[in-house]
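Printed here is protein_14.pdb (PDB, C-alpha atoms):
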ATOM      1  CA  MET E 514     -38.823  83.285 -34.268  1.00  0.00           C
ATOM      2  CA  GLU E 515     -35.426  82.565 -35.789  1.00  0.00           C
ATOM      3  CA  GLN E 516     -36.155  78.850 -35.629  1.00  0.00           C
ATOM      4  CA  ASP E 517     -39.395  79.359 -37.592  1.00  0.00           C
ATOM      5  CA  LYS E 518     -37.481  81.220 -40.292  1.00  0.00           C
ATOM      6  CA  GLN E 519     -34.961  78.388 -40.491  1.00  0.00           C
ATOM      7  CA  LEU E 520     -37.722  75.784 -40.751  1.00  0.00           C
ATOM      8  CA  LYS E 521     -39.417  77.801 -43.487  1.00  0.00           C
ATOM      9  CA  GLU E 522     -36.118  78.032 -45.382  1.00  0.00           C
ATOM     10  CA  ILE E 523     -35.564  74.275 -45.050  1.00  0.00           C
ATOM     11  CA  LEU E 524     -39.027  73.557 -46.422  1.00  0.00           C
ATOM     12  CA  PHE E 525     -38.636  75.950 -49.359  1.00  0.00           C
ATOM     13  CA  ASN E 526     -35.206  74.602 -50.242  1.00  0.00           C
ATOM     14  CA  SER E 527     -36.363  70.997 -49.982  1.00  0.00           C
ATOM     15  CA  THR E 528     -39.433  71.419 -52.186  1.00  0.00           C
ATOM     16  CA  GLU E 529     -37.416  72.421 -55.240  1.00  0.00           C
ATOM     17  CA  GLY E 530     -36.287  68.900 -56.039  1.00  0.00           C
ATOM     18  CA  ALA E 531     -38.994  66.839 -54.407  1.00  0.00           C
ATOM     19  CA  SER E 532     -38.203  63.170 -54.596  1.00  0.00           C
ATOM     20  CA  ALA E 533     -39.722  59.967 -53.239  1.00  0.00           C
ATOM     21  CA  ASP E 534     -37.708  60.439 -50.016  1.00  0.00           C
ATOM     22  CA  PHE E 535     -38.824  64.067 -49.577  1.00  0.00           C
ATOM     23  CA  THR E 536     -40.595  63.667 -46.219  1.00  0.00           C
ATOM     24  CA  ASN E 537     -37.751  61.763 -44.576  1.00  0.00           C
ATOM     25  CA  ALA E 538     -35.134  64.250 -45.767  1.00  0.00           C
ATOM     26  CA  VAL E 539     -37.113  67.229 -44.489  1.00  0.00           C
ATOM     27  CA  MET E 540     -37.885  65.566 -41.151  1.00  0.00           C
ATOM     28  CA  LYS E 541     -34.185  64.751 -40.644  1.00  0.00           C
ATOM     29  CA  LYS E 542     -33.281  68.404 -41.233  1.00  0.00           C
ATOM     30  CA  VAL E 543     -36.043  69.616 -38.919  1.00  0.00           C
ATOM     31  CA  HIS E 544     -35.006  67.139 -36.211  1.00  0.00           C
ATOM     32  CA  ALA E 545     -31.363  68.200 -36.511  1.00  0.00           C
ATOM     33  CA  LEU E 546     -32.383  71.852 -36.235  1.00  0.00           C
ATOM     34  CA  SER E 547     -34.647  71.295 -33.242  1.00  0.00           C
ATOM     35  CA  THR E 548     -32.088  69.236 -31.287  1.00  0.00           C
ATOM     36  CA  SER E 549     -29.259  71.688 -31.919  1.00  0.00           C
ATOM     37  CA  SER E 550     -31.215  74.740 -30.749  1.00  0.00           C
ATOM     38  CA  GLY E 551     -31.161  73.700 -27.080  1.00  0.00           C
ATOM     39  CA  TYR E 552     -34.860  74.275 -26.449  1.00  0.00           C
ATOM     40  CA  GLN E 553     -35.533  75.542 -22.950  1.00  0.00           C
ATOM     41  CA  PRO E 554     -39.001  74.775 -21.524  1.00  0.00           C
ATOM     42  CA  LEU E 555     -41.024  77.730 -20.258  1.00  0.00           C
ATOM     43  CA  VAL E 556     -41.799  76.022 -16.936  1.00  0.00           C
ATOM     44  CA  SER E 557     -39.137  74.316 -14.891  1.00  0.00           C
ATOM     45  CA  ALA E 558     -39.428  70.663 -13.916  1.00  0.00           C
ATOM     46  CA  LYS E 559     -39.488  71.634 -10.228  1.00  0.00           C
ATOM     47  CA  LEU E 560     -42.488  73.926 -10.787  1.00  0.00           C
ATOM     48  CA  LYS E 561     -44.278  71.170 -12.702  1.00  0.00           C
ATOM     49  CA  LYS E 562     -43.708  68.747  -9.826  1.00  0.00           C
ATOM     50  CA  MET E 563     -44.995  71.313  -7.335  1.00  0.00           C
ATOM     51  CA  PHE E 564     -48.134  71.841  -9.416  1.00  0.00           C
ATOM     52  CA  VAL E 565     -48.802  68.095  -9.641  1.00  0.00           C
ATOM     53  CA  LEU E 566     -48.254  67.767  -5.888  1.00  0.00           C
ATOM     54  CA  ALA E 567     -50.601  70.692  -5.118  1.00  0.00           C
ATOM     55  CA  PHE E 568     -53.219  69.266  -7.479  1.00  0.00           C
ATOM     56  CA  GLY E 569     -52.933  65.836  -5.853  1.00  0.00           C
ATOM     57  CA  ILE E 570     -53.257  67.334  -2.378  1.00  0.00           C
ATOM     58  CA  THR E 571     -56.350  69.302  -3.459  1.00  0.00           C
ATOM     59  CA  VAL E 572     -58.015  66.240  -4.992  1.00  0.00           C
ATOM     60  CA  GLY E 573     -57.131  64.175  -1.924  1.00  0.00           C
ATOM     61  CA  ALA E 574     -58.585  66.812   0.397  1.00  0.00           C
ATOM     62  CA  ILE E 575     -61.829  66.946  -1.587  1.00  0.00           C
ATOM     63  CA  LEU E 576     -62.141  63.149  -1.599  1.00  0.00           C
ATOM     64  CA  SER E 577     -61.389  63.003   2.123  1.00  0.00           C
ATOM     65  CA  LEU E 578     -64.028  65.644   2.815  1.00  0.00           C
ATOM     66  CA  CYS E 579     -66.586  63.717   0.744  1.00  0.00           C
ATOM     67  CA  LEU E 580     -65.751  60.523   2.623  1.00  0.00           C
ATOM     68  CA  ALA E 581     -66.013  62.293   6.002  1.00  0.00           C
ATOM     69  CA  ILE E 582     -69.391  63.769   5.062  1.00  0.00           C
ATOM     70  CA  SER E 583     -70.696  60.394   3.880  1.00  0.00           C
ATOM     71  CA  LEU E 584     -69.585  58.619   7.062  1.00  0.00           C
ATOM     72  CA  ALA E 585     -70.772  61.319   9.476  1.00  0.00           C
ATOM     73  CA  ASN E 586     -73.935  60.760  11.489  1.00  0.00           C
ATOM     74  CA  THR E 587     -75.137  64.333  11.060  1.00  0.00           C
ATOM     75  CA  ASN E 588     -78.129  64.846   8.833  1.00  0.00           C
ATOM     76  CA  ILE E 589     -76.806  67.213   6.193  1.00  0.00           C
ATOM     77  CA  PHE E 590     -79.682  66.719   3.776  1.00  0.00           C
ATOM     78  CA  SER E 591     -82.223  68.241   6.140  1.00  0.00           C
ATOM     79  CA  TRP E 592     -80.007  71.304   6.453  1.00  0.00           C
ATOM     80  CA  ILE E 593     -79.818  71.607   2.658  1.00  0.00           C
ATOM     81  CA  GLU E 594     -83.560  71.095   2.272  1.00  0.00           C
ATOM     82  CA  SER E 595     -84.294  73.795   4.848  1.00  0.00           C
ATOM     83  CA  ILE E 596     -82.661  76.511   2.706  1.00  0.00           C
ATOM     84  CA  PRO E 597     -85.415  78.536   1.025  1.00  0.00           C
ATOM     85  CA  LEU E 598     -85.031  78.620  -2.751  1.00  0.00           C
ATOM     86  CA  PRO E 599     -86.641  81.210  -5.016  1.00  0.00           C
ATOM     87  CA  HIS E 600     -89.364  80.045  -7.374  1.00  0.00           C
ATOM     88  CA  LEU E 601     -87.847  79.948 -10.836  1.00  0.00           C
ATOM     89  CA  ASP E 602     -89.556  79.712 -14.172  1.00  0.00           C
ATOM     90  CA  TYR E 603     -87.503  76.899 -15.653  1.00  0.00           C
ATOM     91  CA  LYS E 604     -88.949  77.336 -19.152  1.00  0.00           C
ATOM     92  CA  LYS E 605     -87.474  80.840 -19.334  1.00  0.00           C
ATOM     93  CA  LEU E 606     -84.153  79.606 -17.961  1.00  0.00           C
ATOM     94  CA  LEU E 607     -83.930  76.770 -20.506  1.00  0.00           C
ATOM     95  CA  LEU E 608     -84.960  79.121 -23.318  1.00  0.00           C
ATOM     96  CA  PHE E 609     -82.241  81.559 -22.280  1.00  0.00           C
ATOM     97  CA  ILE E 610     -79.608  78.787 -22.264  1.00  0.00           C
ATOM     98  CA  LEU E 611     -80.745  77.521 -25.662  1.00  0.00           C
ATOM     99  CA  ILE E 612     -80.719  81.001 -27.225  1.00  0.00           C
ATOM    100  CA  PHE E 613     -77.326  81.738 -25.697  1.00  0.00           C
ATOM    101  CA  TRP E 614     -75.700  78.637 -27.227  1.00  0.00           C
ATOM    102  CA  VAL E 615     -77.364  79.116 -30.609  1.00  0.00           C
ATOM    103  CA  LEU E 616     -76.091  82.695 -30.777  1.00  0.00           C
ATOM    104  CA  PHE E 617     -72.681  81.569 -29.554  1.00  0.00           C
ATOM    105  CA  TYR E 618     -72.340  79.062 -32.402  1.00  0.00           C
ATOM    106  CA  LEU E 619     -73.688  81.543 -34.960  1.00  0.00           C
ATOM    107  CA  ASN E 620     -71.108  84.081 -33.793  1.00  0.00           C
ATOM    108  CA  MET E 621     -68.381  81.465 -34.018  1.00  0.00           C
ATOM    109  CA  LEU E 622     -69.393  80.623 -37.592  1.00  0.00           C
ATOM    110  CA  TRP E 623     -69.588  84.317 -38.471  1.00  0.00           C
ATOM    111  CA  GLU E 624     -66.085  84.926 -37.075  1.00  0.00           C
ATOM    112  CA  LYS E 625     -64.712  81.955 -38.996  1.00  0.00           C
ATOM    113  CA  LYS E 626     -66.311  83.155 -42.214  1.00  0.00           C
ATOM    114  CA  SER E 627     -65.115  86.742 -41.765  1.00  0.00           C
ATOM    115  CA  HIS E 628     -61.617  85.499 -40.861  1.00  0.00           C
ATOM    116  CA  ILE E 629     -61.428  83.449 -44.057  1.00  0.00           C
ATOM    117  CA  HIS E 630     -62.617  86.335 -46.213  1.00  0.00           C
ATOM    118  CA  SER E 631     -60.297  88.864 -44.580  1.00  0.00           C
ATOM    119  CA  HIS E 632     -57.253  86.721 -45.453  1.00  0.00           C
ATOM    120  CA  GLY E 633     -58.412  86.122 -49.020  1.00  0.00           C
ATOM    121  CA  ASN E 634     -58.648  82.342 -48.600  1.00  0.00           C
ATOM    122  CA  ILE E 635     -61.941  81.008 -49.897  1.00  0.00           C
TER     123      ILE E 635
END
Would you give me this structure, written as structure tokens?
Amino acid sequence: MEQDKQLKEILFNSTEGASADFTNAVMKKVHALSTSSGYQPLVSAKLKKMFVLAFGITVGAILSLCLAISLANTNIFSWIESIPLPHLDYKKLLLFILIFWVLFYLNMLWEKKSHIHSHGNI
């Protein structure tokens, strides 16, 4: 929060006498401010490594399971085909999905429009 205020102050002070080297001067000040603040990441490096390791183990386990299923002599497809499925009216299902996404995008546009008007930016 304090860093944002400092960045805002740097930008306001730098825009008064804008010159040809304006961008470089501002970026040097911003870089100096960001390196001096001693930014601490929200997640430690050890936790990141543990997450990557857990993700890798999960992906490896899934791939190993897929390989084991593909190499097995058991007939899995007949077991899947023997499961009784309900009779679905696919036209209604596709119509529902289409209507859902159309309304989703209309709502998104409506929210964007109302957000712009509520802040006074047209």
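The gap separating CA of Ile610 in chain E from CA of Ile575 in chain E is 29.7 Å, in Å to one decimal.
The spacing separating CA of Val543 in chain E from CA of Ile523 in chain E amounts to 7.7 Å.
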Next item on the list: May I ask which of the residues E:Glu522, E:Gln553, E:Leu606, E:Leu601 is the closest one to Val539 in chain E, counting all atoms listed in the file?
Entry: E:Glu522
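CA of Asp517 in chain E is found 23.3 Å from CA of Ile629 in chain E.
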